[in-house]
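Q: Handing over input03.pdb, PDB, C-alpha atoms.
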ATOM      1  CA  MET K  93      13.200  58.791 -75.906
ATOM      2  CA  ARG K  94      11.570  58.135 -72.559
ATOM      3  CA  GLU K  95      11.793  54.322 -72.709
ATOM      4  CA  LEU K  96      14.219  51.783 -74.176
ATOM      5  CA  SER K  97      11.178  49.897 -75.486
ATOM      6  CA  LEU K  98      10.459  52.931 -77.699
ATOM      7  CA  HIS K  99      13.978  52.633 -79.162
ATOM      8  CA  ILE K 100      13.238  48.939 -79.777
ATOM      9  CA  LEU K 101       9.990  49.854 -81.563
ATOM     10  CA  ASP K 102      11.891  52.348 -83.684
ATOM     11  CA  ILE K 103      14.711  50.074 -84.801
ATOM     12  CA  VAL K 104      12.375  47.132 -85.390
ATOM     13  CA  GLU K 105      10.420  49.408 -87.753
ATOM     14  CA  ASN K 106      13.706  49.650 -89.713
ATOM     15  CA  SER K 107      13.687  45.846 -90.016
ATOM     16  CA  VAL K 108      10.077  45.980 -91.209
ATOM     17  CA  LYS K 109      11.011  48.551 -93.849
ATOM     18  CA  ALA K 110      13.945  46.350 -94.891
ATOM     19  CA  ASN K 111      11.352  43.695 -95.862
ATOM     20  CA  ALA K 112      12.349  41.283 -93.101
ATOM     21  CA  THR K 113      10.098  38.238 -92.797
ATOM     22  CA  LEU K 114      11.570  37.085 -89.478
ATOM     23  CA  ILE K 115      12.639  39.438 -86.697
ATOM     24  CA  GLN K 116      14.101  38.202 -83.426
ATOM     25  CA  VAL K 117      14.248  40.514 -80.434
ATOM     26  CA  ASP K 118      16.114  39.445 -77.350
ATOM     27  CA  ILE K 119      15.805  41.398 -74.102
ATOM     28  CA  GLU K 120      17.914  39.973 -71.313
ATOM     29  CA  VAL K 121      18.944  41.083 -67.854
ATOM     30  CA  LYS K 122      22.015  39.354 -66.472
ATOM     31  CA  ASN K 123      25.136  40.167 -64.477
ATOM     32  CA  GLY K 124      24.057  43.732 -63.772
ATOM     33  CA  TYR K 125      23.462  44.601 -67.430
ATOM     34  CA  LEU K 126      20.474  44.839 -69.741
ATOM     35  CA  TYR K 127      21.129  43.468 -73.233
ATOM     36  CA  ILE K 128      18.880  44.233 -76.192
ATOM     37  CA  THR K 129      19.511  42.519 -79.523
ATOM     38  CA  VAL K 130      17.486  42.788 -82.735
ATOM     39  CA  VAL K 131      18.227  40.357 -85.565
ATOM     40  CA  ASP K 132      16.408  40.499 -88.878
ATOM     41  CA  ASN K 133      16.583  38.719 -92.221
ATOM     42  CA  GLY K 134      15.811  41.857 -94.217
ATOM     43  CA  LYS K 135      17.658  43.175 -97.230
ATOM     44  CA  GLY K 136      20.657  44.342 -95.202
ATOM     45  CA  MET K 137      22.958  47.257 -95.956
ATOM     46  CA  SER K 138      25.966  47.804 -98.141
ATOM     47  CA  GLU K 139      29.324  48.251 -96.390
ATOM     48  CA  GLU K 140      29.345  51.843 -97.508
ATOM     49  CA  PHE K 141      25.927  52.625 -95.986
ATOM     50  CA  LEU K 142      26.704  50.632 -92.828
ATOM     51  CA  ALA K 143      29.827  52.722 -92.247
ATOM     52  CA  LYS K 144      27.782  55.895 -92.006
ATOM     53  CA  VAL K 145      24.565  54.527 -90.453
ATOM     54  CA  VAL K 146      25.312  56.011 -87.022
ATOM     55  CA  ASP K 147      25.522  59.449 -88.584
ATOM     56  CA  PRO K 148      22.214  61.252 -87.889
ATOM     57  CA  PHE K 149      22.349  62.853 -91.334
ATOM     58  CA  THR K 150      22.190  59.478 -93.042
ATOM     59  CA  THR K 151      18.848  58.021 -94.091
ATOM     60  CA  THR K 152      17.193  56.065 -96.888
ATOM     61  CA  ARG K 153      14.028  58.115 -96.520
ATOM     62  CA  THR K 154      12.922  60.709 -98.977
ATOM     63  CA  THR K 155      10.518  62.580 -96.681
ATOM     64  CA  ARG K 156      13.327  64.076 -94.589
ATOM     65  CA  LYS K 157      17.092  64.278 -94.477
ATOM     66  CA  VAL K 158      17.792  62.912 -91.002
ATOM     67  CA  GLY K 159      17.824  59.345 -89.678
ATOM     68  CA  LEU K 160      17.817  59.398 -85.898
ATOM     69  CA  GLY K 161      16.735  55.897 -84.869
ATOM     70  CA  ILE K 162      20.174  54.254 -84.831
ATOM     71  CA  PRO K 163      22.133  57.272 -83.452
ATOM     72  CA  LEU K 164      19.583  57.638 -80.634
ATOM     73  CA  ILE K 165      19.757  54.003 -79.457
ATOM     74  CA  LYS K 166      23.568  54.130 -79.704
ATOM     75  CA  GLN K 167      23.617  57.212 -77.518
ATOM     76  CA  ALA K 168      21.152  55.656 -75.016
ATOM     77  CA  ALA K 169      23.489  52.642 -74.622
ATOM     78  CA  GLU K 170      26.700  54.618 -74.397
ATOM     79  CA  VAL K 171      25.455  57.095 -71.787
ATOM     80  CA  ALA K 172      24.337  54.115 -69.674
ATOM     81  CA  GLU K 173      27.881  52.669 -69.644
ATOM     82  CA  GLY K 174      26.917  50.095 -72.263
ATOM     83  CA  GLU K 175      27.881  49.288 -75.826
ATOM     84  CA  PHE K 176      26.374  49.444 -79.288
ATOM     85  CA  SER K 177      27.207  47.436 -82.380
ATOM     86  CA  ILE K 178      25.606  46.914 -85.753
ATOM     87  CA  THR K 179      26.460  44.332 -88.373
ATOM     88  CA  SER K 180      24.784  43.855 -91.708
ATOM     89  CA  LYS K 181      25.156  42.033 -94.970
ATOM     90  CA  LEU K 182      23.342  42.787 -98.175
ATOM     91  CA  GLY K 183      20.733  40.132 -98.843
ATOM     92  CA  GLU K 184      21.181  38.495 -95.442
ATOM     93  CA  GLY K 185      19.982  40.934 -92.802
ATOM     94  CA  THR K 186      21.036  43.172 -89.966
ATOM     95  CA  THR K 187      21.875  42.688 -86.281
ATOM     96  CA  VAL K 188      21.812  45.503 -83.731
ATOM     97  CA  LYS K 189      23.239  44.763 -80.296
ATOM     98  CA  THR K 190      23.112  47.124 -77.335
ATOM     99  CA  SER K 191      23.870  46.867 -73.637
ATOM    100  CA  TYR K 192      23.128  49.123 -70.676
ATOM    101  CA  LYS K 193      24.491  49.048 -67.145
ATOM    102  CA  LEU K 194      21.411  48.366 -65.024
ATOM    103  CA  ASP K 195      22.267  50.748 -62.201
ATOM    104  CA  SER K 196      23.605  53.550 -64.388
ATOM    105  CA  ILE K 197      21.887  56.769 -63.349
ATOM    106  CA  ASP K 198      21.680  57.766 -67.026
ATOM    107  CA  ARG K 199      19.936  54.584 -68.164
ATOM    108  CA  VAL K 200      16.453  55.120 -69.560
ATOM    109  CA  PRO K 201      13.881  52.659 -68.111
ATOM    110  CA  LEU K 202      12.959  49.675 -70.277
ATOM    111  CA  GLY K 203       9.311  50.771 -70.183
ATOM    112  CA  ASP K 204       6.239  49.109 -71.639
ATOM    113  CA  VAL K 205       7.504  46.079 -73.569
ATOM    114  CA  PRO K 206       4.017  44.493 -74.085
ATOM    115  CA  GLU K 207       2.768  47.694 -75.740
ATOM    116  CA  THR K 208       5.813  47.764 -78.021
ATOM    117  CA  ILE K 209       5.251  44.124 -79.003
ATOM    118  CA  THR K 210       1.554  44.618 -79.800
ATOM    119  CA  THR K 211       2.350  47.737 -81.823
ATOM    120  CA  LEU K 212       4.586  45.553 -83.985
ATOM    121  CA  LEU K 213       2.307  42.674 -84.950
ATOM    122  CA  TYR K 214       2.049  42.319 -88.711
ATOM    123  CA  PRO K 215       0.112  39.602 -90.579
ATOM    124  CA  ASN K 216       3.030  38.860 -92.928
ATOM    125  CA  ILE K 217       6.055  39.196 -90.605
ATOM    126  CA  GLU K 218       7.086  36.685 -87.955
ATOM    127  CA  PHE K 219       8.546  37.763 -84.626
ATOM    128  CA  VAL K 220      10.326  35.850 -81.905
ATOM    129  CA  TRP K 221      10.558  37.872 -78.704
ATOM    130  CA  ARG K 222      12.698  36.471 -75.895
ATOM    131  CA  TYR K 223      12.457  38.189 -72.533
ATOM    132  CA  ALA K 224      14.794  36.905 -69.828
ATOM    133  CA  VAL K 225      15.640  38.154 -66.365
ATOM    134  CA  ASN K 226      18.391  36.471 -64.375
ATOM    135  CA  GLY K 227      17.863  33.030 -65.931
ATOM    136  CA  GLU K 228      14.054  33.000 -66.187
ATOM    137  CA  GLU K 229      12.692  33.483 -69.675
ATOM    138  CA  PHE K 230       9.501  33.963 -71.643
ATOM    139  CA  ILE K 231       9.356  33.421 -75.405
ATOM    140  CA  PHE K 232       6.646  34.873 -77.605
ATOM    141  CA  ASP K 233       6.666  33.450 -81.128
ATOM    142  CA  THR K 234       4.090  34.850 -83.552
ATOM    143  CA  ARG K 235       4.243  31.634 -85.610
ATOM    144  CA  GLU K 236       2.722  29.761 -82.650
ATOM    145  CA  VAL K 237       0.093  32.464 -82.197
ATOM    146  CA  LYS K 238      -0.854  32.440 -85.885
ATOM    147  CA  GLU K 239      -1.171  28.655 -85.851
ATOM    148  CA  GLU K 240      -3.651  28.990 -82.985
ATOM    149  CA  LEU K 241      -5.467  31.828 -84.771
ATOM    150  CA  GLN K 242      -6.234  29.674 -87.842
ATOM    151  CA  GLY K 243      -6.483  32.579 -90.274
ATOM    152  CA  VAL K 244      -7.896  35.242 -87.941
ATOM    153  CA  PRO K 245      -5.661  38.312 -88.471
ATOM    154  CA  ILE K 246      -3.131  38.795 -85.663
ATOM    155  CA  ASP K 247      -3.560  42.557 -85.882
ATOM    156  CA  SER K 248      -7.321  42.513 -85.205
ATOM    157  CA  PRO K 249      -8.137  44.797 -82.252
ATOM    158  CA  GLU K 250      -9.648  41.897 -80.258
ATOM    159  CA  ILE K 251      -6.477  39.812 -80.668
ATOM    160  CA  LEU K 252      -4.133  42.746 -79.930
ATOM    161  CA  VAL K 253      -5.931  43.546 -76.672
ATOM    162  CA  PHE K 254      -5.820  39.890 -75.590
ATOM    163  CA  LEU K 255      -2.137  39.508 -76.509
ATOM    164  CA  LYS K 256      -1.187  42.691 -74.672
ATOM    165  CA  SER K 257      -2.701  41.366 -71.468
ATOM    166  CA  LEU K 258      -1.068  37.927 -72.004
ATOM    167  CA  LEU K 259       2.330  39.562 -72.546
ATOM    168  CA  LYS K 260       1.928  41.839 -69.543
ATOM    169  CA  GLU K 261       1.094  38.933 -67.223
ATOM    170  CA  ASN K 262       4.039  36.856 -68.415
ATOM    171  CA  ILE K 263       6.575  39.685 -68.416
ATOM    172  CA  ASP K 264       5.447  40.940 -64.983
ATOM    173  CA  SER K 265       5.867  37.397 -63.681
ATOM    174  CA  ILE K 266       9.443  37.177 -65.062
ATOM    175  CA  ASN K 267      10.265  40.602 -63.606
ATOM    176  CA  GLY K 268       9.169  39.372 -60.160
ATOM    177  CA  GLY K 269       8.185  42.859 -59.003
ATOM    178  CA  ILE K 270      11.380  44.549 -60.196
ATOM    179  CA  ILE K 271      10.989  47.572 -62.461
ATOM    180  CA  ILE K 272      13.671  47.391 -65.151
TER
ATOM    181  CA  MET B  67      -1.865  33.222 -66.193
ATOM    182  CA  LYS B  68      -3.086  33.561 -69.788
ATOM    183  CA  SER B  69      -1.516  31.386 -72.465
ATOM    184  CA  ILE B  70      -1.627  31.293 -76.252
ATOM    185  CA  ALA B  71      -4.087  28.380 -76.048
ATOM    186  CA  ASP B  72      -6.628  30.802 -74.484
ATOM    187  CA  ILE B  73      -6.900  32.461 -77.859
ATOM    188  CA  LYS B  74      -9.300  29.733 -78.991
ATOM    189  CA  ALA B  75     -12.424  31.371 -77.512
ATOM    190  CA  ILE B  76     -11.668  34.738 -79.137
ATOM    191  CA  ARG B  77     -10.766  33.028 -82.408
ATOM    192  CA  GLU B  78     -14.118  31.245 -82.579
ATOM    193  CA  LYS B  79     -16.000  34.498 -81.976
ATOM    194  CA  MET B  80     -13.864  36.298 -84.554
ATOM    195  CA  GLN B  81     -14.234  33.581 -87.195
ATOM    196  CA  ALA B  82     -18.010  34.095 -87.112
ATOM    197  CA  GLN B  83     -17.513  37.852 -87.509
ATOM    198  CA  ILE B  84     -15.056  37.368 -90.362
ATOM    199  CA  MET B  85     -17.619  35.265 -92.230
ATOM    200  CA  ASN B  86     -20.039  38.194 -91.938
ATOM    201  CA  ARG B  87     -17.340  40.640 -92.999
ATOM    202  CA  ASP B  88     -16.607  38.622 -96.131
ATOM    203  CA  ASN B  89     -19.780  40.120 -97.554
ATOM    204  CA  VAL B  90     -18.314  43.613 -97.135
ATOM    205  CA  SER B  91     -15.675  44.757 -99.592
ATOM    206  CA  ASP B  92     -12.348  46.341 -98.533
ATOM    207  CA  ALA B  93     -13.647  49.605 -99.968
ATOM    208  CA  ALA B  94     -16.134  49.763 -97.075
ATOM    209  CA  GLU B  95     -13.364  49.608 -94.474
ATOM    210  CA  THR B  96     -12.443  52.688 -92.423
ATOM    211  CA  ARG B  97      -8.687  52.986 -91.901
ATOM    212  CA  VAL B  98      -7.048  54.827 -89.025
ATOM    213  CA  VAL B  99      -3.332  55.260 -89.706
ATOM    214  CA  VAL B 100      -0.744  56.285 -87.091
ATOM    215  CA  GLY B 101       2.673  57.675 -88.108
ATOM    216  CA  MET B 102       5.186  55.334 -86.470
ATOM    217  CA  ALA B 103       8.638  56.572 -87.524
ATOM    218  CA  THR B 104      11.266  57.897 -85.070
ATOM    219  CA  CYS B 105       9.551  61.311 -84.931
ATOM    220  CA  GLY B 106       6.124  59.830 -84.200
ATOM    221  CA  ILE B 107       7.415  57.302 -81.661
ATOM    222  CA  ALA B 108       9.382  59.969 -79.765
ATOM    223  CA  ALA B 109       6.305  62.220 -79.688
ATOM    224  CA  GLY B 110       4.001  59.500 -78.279
ATOM    225  CA  ALA B 111       2.593  57.503 -81.215
ATOM    226  CA  ARG B 112       2.733  54.148 -79.406
ATOM    227  CA  PRO B 113       0.155  54.976 -76.682
ATOM    228  CA  VAL B 114      -1.998  56.643 -79.350
ATOM    229  CA  PHE B 115      -1.951  53.471 -81.490
ATOM    230  CA  ASN B 116      -2.794  51.321 -78.472
ATOM    231  CA  GLU B 117      -5.625  53.623 -77.334
ATOM    232  CA  LEU B 118      -7.151  53.520 -80.824
ATOM    233  CA  VAL B 119      -6.962  49.703 -80.791
ATOM    234  CA  ASP B 120      -8.493  49.569 -77.281
ATOM    235  CA  GLN B 121     -11.349  51.867 -78.287
ATOM    236  CA  VAL B 122     -12.131  49.911 -81.462
ATOM    237  CA  GLN B 123     -12.132  46.680 -79.440
ATOM    238  CA  LYS B 124     -14.218  48.072 -76.537
ATOM    239  CA  ARG B 125     -16.849  49.465 -78.878
ATOM    240  CA  GLY B 126     -16.893  46.331 -81.036
ATOM    241  CA  LEU B 127     -16.433  48.407 -84.200
ATOM    242  CA  GLU B 128     -16.397  46.262 -87.309
ATOM    243  CA  ASN B 129     -14.704  47.337 -90.543
ATOM    244  CA  VAL B 130     -12.365  49.703 -88.713
ATOM    245  CA  LYS B 131      -8.665  48.949 -89.140
ATOM    246  CA  VAL B 132      -5.983  50.638 -87.034
ATOM    247  CA  THR B 133      -2.635  50.522 -88.768
ATOM    248  CA  ARG B 134       0.814  52.183 -88.964
ATOM    249  CA  ALA B 135       2.688  54.236 -91.503
ATOM    250  CA  GLY B 136       6.213  55.621 -91.647
ATOM    251  CA  CYS B 137       7.137  59.296 -91.430
ATOM    252  CA  LEU B 138       4.284  61.392 -92.776
ATOM    253  CA  GLY B 139       6.619  64.323 -93.437
ATOM    254  CA  MET B 140       5.467  66.752 -90.740
ATOM    255  CA  CYS B 141       7.662  65.624 -87.840
ATOM    256  CA  LYS B 142       6.967  68.600 -85.593
ATOM    257  CA  LEU B 143       3.226  67.865 -85.686
ATOM    258  CA  GLU B 144       3.565  64.229 -84.554
ATOM    259  CA  PRO B 145       1.855  62.112 -83.372
ATOM    260  CA  ILE B 146      -0.191  62.256 -86.559
ATOM    261  CA  VAL B 147      -3.306  60.170 -87.193
ATOM    262  CA  GLU B 148      -4.915  59.956 -90.622
ATOM    263  CA  VAL B 149      -8.511  58.793 -90.948
ATOM    264  CA  PHE B 150      -9.793  57.334 -94.205
ATOM    265  CA  VAL B 151     -13.576  56.896 -94.197
ATOM    266  CA  PRO B 152     -14.842  55.359 -97.459
ATOM    267  CA  GLY B 153     -16.325  57.966 -99.768
ATOM    268  CA  GLN B 154     -14.926  60.893 -97.765
ATOM    269  CA  GLU B 155     -11.765  62.973 -97.949
ATOM    270  CA  LYS B 156      -8.814  61.973 -95.773
ATOM    271  CA  VAL B 157      -8.739  63.742 -92.389
ATOM    272  CA  THR B 158      -5.349  64.413 -90.767
ATOM    273  CA  TYR B 159      -5.174  64.922 -87.014
ATOM    274  CA  VAL B 160      -1.994  66.302 -85.462
ATOM    275  CA  LYS B 161      -0.374  66.342 -82.025
ATOM    276  CA  VAL B 162      -2.658  63.493 -80.998
ATOM    277  CA  ASP B 163      -2.528  62.007 -77.485
ATOM    278  CA  ALA B 164      -4.502  59.172 -75.865
ATOM    279  CA  GLN B 165      -7.472  61.407 -74.964
ATOM    280  CA  LYS B 166      -7.622  62.847 -78.481
ATOM    281  CA  ALA B 167      -7.397  59.307 -79.877
ATOM    282  CA  LYS B 168     -10.448  58.375 -77.804
ATOM    283  CA  ASP B 169     -12.305  61.439 -79.082
ATOM    284  CA  ILE B 170     -11.395  60.608 -82.705
ATOM    285  CA  ILE B 171     -12.980  57.161 -82.360
ATOM    286  CA  GLU B 172     -16.004  58.403 -80.416
ATOM    287  CA  LYS B 173     -16.805  61.598 -82.322
ATOM    288  CA  HIS B 174     -15.432  60.981 -85.818
ATOM    289  CA  ILE B 175     -15.533  57.221 -86.443
ATOM    290  CA  VAL B 176     -18.692  56.483 -84.441
ATOM    291  CA  GLY B 177     -20.421  59.874 -84.455
ATOM    292  CA  GLY B 178     -19.449  60.990 -87.964
ATOM    293  CA  ASN B 179     -18.277  64.450 -86.808
ATOM    294  CA  ILE B 180     -14.702  65.522 -87.543
ATOM    295  CA  CYS B 181     -12.834  66.738 -84.434
ATOM    296  CA  THR B 182     -11.955  70.117 -85.930
ATOM    297  CA  ASP B 183      -9.903  71.213 -82.890
ATOM    298  CA  TYR B 184      -7.261  68.574 -83.653
ATOM    299  CA  LEU B 185      -6.637  69.441 -87.305
ATOM    300  CA  VAL B 186      -3.558  71.137 -88.779
ATOM    301  CA  GLY B 187      -3.658  74.845 -88.018
ATOM    302  CA  GLU B 188      -5.730  74.310 -84.869
ATOM    303  CA  GLU B 189      -2.971  72.709 -82.803
TER
END
Before anything else, please render the file you have as structure tokens.

A:
Amino acid sequence: MRELSLHILDIVENSVKANATLIQVDIEVKNGYLYITVVDNGKGMSEEFLAKVVDPFTTTRTTRKVGLGIPLIKQAAEVAEGEFSITSKLGEGTTVKTSYKLDSIDRVPLGDVPETITTLLYPNIEFVWRYAVNGEEFIFDTREVKEELQGVPIDSPEILVFLKSLLKENIDSINGGIII
Amino acid sequence: MKSIADIKAIREKMQAQIMNRDNVSDAAETRVVVGMATCGIAAGARPVFNELVDQVQKRGLENVKVTRAGCLGMCKLEPIVEVFVPGQEKVTYVKVDAQKAKDIIEKHIVGGNICTDYLVGEE
């Protein structure tokens, strides 16, 4: 994929399909590395399925026989001199952790994080996005947004467009002119 | 810089609209569905989704919902957009990009004319 934020979108969709009600995504730049962690409280995976989840010919889907989301993000991390790990427990949820060496020539750019966040706003799922660069952080918690919205759906076009511009301003400010 | 508290003004405007919409049943809602599985995302579904949302917002279209689905089963034709207009057959657009997304809103959703160039078999 062209952007790491597209990999994030893809693996968070797995959390959505696993019926998670709370998904935490942490994107942090520190000590020359980019760390991306996704934690969900979805239905989790059995040990048997977890053992083969990085195999591209493993999937729970019935529409096709390949499952590329996890193998692709693993490959993106490993080619960028980073690491990949996945832990999961049935009934408790799943955690995917990846890291990427910032100056690796094979690292895919982080890309458009605000667009990924607004593509993932669901009325019945809560998200906590933490975006941190060298000690400065911005936290976007959909529970706070929904409290402010007082029943107006978070995925209404008007709200999505506003939130995208809010996220862009805040993330650009944290980046301080650096393209990650 | 914008903050979450700034949402109040939009919320108040929307709450008035929602009260009007309460008189319209869900059956009257047009749905625009974007395939958002690995295949769709890799092919460019995210900018398509966001362009559809932008167009619906810019044109102030009421009763139009832009939403996501998983893999629609035709990975090589992604990004795929399905349009459900009440009382009409489903229309499936394939290999959609941001410009085509704009056309779908303008010509199909607003104008009522299916964009036949973007259908399966025409790609």

Q: Kindly provide the residues of chain B that approach chain K to within 9 Å, each paired with its closest atom pair and their distance in Å to one decimal, based on all atoms listed in the file, listed by chain and increasing number, as CSV.

A:
residue,atom,partner,partner_atom,distance
B:Met67,CA,K:Glu261,CA,6.5
B:Lys68,CA,K:Leu258,CA,5.3
B:Ser69,CA,K:Leu258,CA,6.6
B:Ile70,CA,K:Val237,CA,6.3
B:Ala71,CA,K:Glu240,CA,7.0
B:Ile73,CA,K:Glu240,CA,7.0
B:Lys74,CA,K:Glu240,CA,7.0
B:Ile76,CA,K:Ile251,CA,7.4
B:Arg77,CA,K:Leu241,CA,5.9
B:Glu78,CA,K:Leu241,CA,8.9
B:Met80,CA,K:Val244,CA,6.9
B:Gln81,CA,K:Val244,CA,6.6
B:Ile84,CA,K:Val244,CA,7.9
B:Met102,CA,K:Asp102,CA,7.9
B:Ala103,CA,K:Asp102,CA,6.6
B:Thr104,CA,K:Asp102,CA,5.8
B:Cys105,CA,K:Leu160,CA,8.5
B:Ile107,CA,K:Leu98,CA,6.6
B:Ala108,CA,K:Met93,CA,5.6
B:Ala109,CA,K:Met93,CA,8.6
B:Arg112,CA,K:Thr211,CA,6.9
B:Pro113,CA,K:Glu207,CA,7.8
B:Phe115,CA,K:Thr211,CA,7.2
B:Asn116,CA,K:Thr211,CA,7.1
B:Leu118,CA,K:Pro249,CA,8.9
B:Val119,CA,K:Pro249,CA,5.3
B:Asp120,CA,K:Val253,CA,6.6
B:Gln121,CA,K:Pro249,CA,8.7
B:Val122,CA,K:Pro249,CA,6.5
B:Gln123,CA,K:Pro249,CA,5.2
B:Lys124,CA,K:Glu250,CA,8.5
B:Gly126,CA,K:Glu250,CA,8.5
B:Lys131,CA,K:Ser248,CA,7.7
B:Val132,CA,K:Pro249,CA,7.9
B:Thr133,CA,K:Asp247,CA,8.5
B:Arg134,CA,K:Thr211,CA,8.6
B:Gly136,CA,K:Glu105,CA,8.5
B:Cys137,CA,K:Thr155,CA,7.1
B:Leu138,CA,K:Thr155,CA,7.5
B:Gly139,CA,K:Thr155,CA,5.4
B:Met140,CA,K:Thr155,CA,8.8
B:Cys141,CA,K:Arg156,CA,8.9

Q: Could you give me, as JSON, numbers by chain, the residues within 10 Å of segment 168-176 of chain B, counting all atoms listed in the file and dropping anything in the same chain fewer than 5 positions from it?

A: {"B": [96, 97, 98, 114, 117, 118, 119, 120, 121, 122, 125, 127, 130, 147, 149, 150, 151, 157, 159, 162, 163, 181, 182, 184]}

Q: What is the atom CA of Val171 of chain K-atom CA of Asn226 of chain K distance in Å, reported with one decimal?

A: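 If I compute the distance from atom CA of Val171 of chain K to atom CA of Asn226 of chain K, I get 23.0 Å.
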
Q: On this structure, the PyMOL selection byres ((chain K and resi 116-122) around 6) would catch which residues? List them as JSON, numbers by chain, sorted by chain and number.

A: {"K": [115, 123, 124, 125, 126, 127, 128, 129, 130, 131, 219, 220, 221, 222, 223, 224, 225, 226]}

Q: What is the atom CA of Asn133 of chain K-atom CA of Leu114 of chain K distance in Å, reported with one decimal?

A: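 Separation between atom CA of Asn133 of chain K and atom CA of Leu114 of chain K: 5.9 Å.
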
Q: Report, in Å to a single decimal, how far apart atom CA of Pro201 of chain K and atom CA of Val104 of chain K are.

A: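 One can read the atom CA of Val104 of chain K to atom CA of Pro201 of chain K distance as 18.2 Å.
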
Q: Near Ser97 of chain K, counting only C-alpha atoms, which residues have an atom at most 6 Å away, once you skip same-chain residues fewer than 6 positions from it, shown as a VMD selection string?

A: chain K and resid 202 to 203 205

Q: Excluding Arg199 of chain K and residues on its chain fewer than 6 positions from it, collect all residues at most 9 Å away from it, counting only C-alpha atoms, and give them as a PyMOL selection string.

A: chain K and resi 96+168-169+171-173+192-193

Q: Could you save those same residues with C-alpha atoms as an mmCIF file, keeping the file's coordinate frame?

A:
data_model
loop_
_atom_site.group_PDB
_atom_site.id
_atom_site.type_symbol
_atom_site.label_atom_id
_atom_site.label_comp_id
_atom_site.auth_asym_id
_atom_site.auth_seq_id
_atom_site.Cartn_x
_atom_site.Cartn_y
_atom_site.Cartn_z
ATOM 1 C CA LEU K 96 14.219 51.783 -74.176
ATOM 2 C CA ALA K 168 21.152 55.656 -75.016
ATOM 3 C CA ALA K 169 23.489 52.642 -74.622
ATOM 4 C CA VAL K 171 25.455 57.095 -71.787
ATOM 5 C CA ALA K 172 24.337 54.115 -69.674
ATOM 6 C CA GLU K 173 27.881 52.669 -69.644
ATOM 7 C CA TYR K 192 23.128 49.123 -70.676
ATOM 8 C CA LYS K 193 24.491 49.048 -67.145
#

Q: Report as a list of chain:residue names all protein, DNA and RNA residues lying within 7 Å of segment 134-143 of chain K, evaluated on only C-alpha atoms, omitting residues in the same chain fewer than 6 positions from it.

A: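 Neighbouring residues, sequence-local ones excluded: K:Ser107, K:Ala110, K:Asn111, K:Ala112, K:Thr113, K:Ser180, K:Lys181, K:Leu182, K:Gly183, K:Glu184, K:Gly185, K:Thr186.
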
Q: Measuring between all atoms listed in the file, which one of B:Glu95, B:Glu144, B:Asp183, B:Asp72 shows the shortest distance to Asn129 of chain B?

A: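 Of the candidates, the smallest distance to Asn129 of chain B is held by B:Glu95.
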
Q: Quick check on the file I pasted: which residues fall under the PyMOL selection byres ((chain K and resi 176) around 9)? Write them as a ChimeraX atom specification.

A: /K:165-167,169-170,174-175,177-178,188-191

Q: Using the file's own x, y and z axes, what box holds all listed atoms of segment 190-193 of chain K with 4 Å on each side, keeping edges along x, y and z, and what are its centre and edge lengths in Å to one decimal, as JSON?

A:
{"center_x": 23.8, "center_y": 48.0, "center_z": -72.2, "size_x": 9.4, "size_y": 10.3, "size_z": 18.2}

Q: Convert the output of the PyMOL selection byres ((chain K and resi 146) around 7) on the shown file into explicit residues, formatted as an mmCIF file with C-alpha atoms, in the frame of the given file.

A:
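The file below, selection05.cif, is the result:
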data_model
loop_
_atom_site.group_PDB
_atom_site.id
_atom_site.type_symbol
_atom_site.label_atom_id
_atom_site.label_comp_id
_atom_site.auth_asym_id
_atom_site.auth_seq_id
_atom_site.Cartn_x
_atom_site.Cartn_y
_atom_site.Cartn_z
ATOM 1 C CA LYS K 144 27.782 55.895 -92.006
ATOM 2 C CA VAL K 145 24.565 54.527 -90.453
ATOM 3 C CA ASP K 147 25.522 59.449 -88.584
ATOM 4 C CA PRO K 148 22.214 61.252 -87.889
ATOM 5 C CA ILE K 162 20.174 54.254 -84.831
ATOM 6 C CA PRO K 163 22.133 57.272 -83.452
#
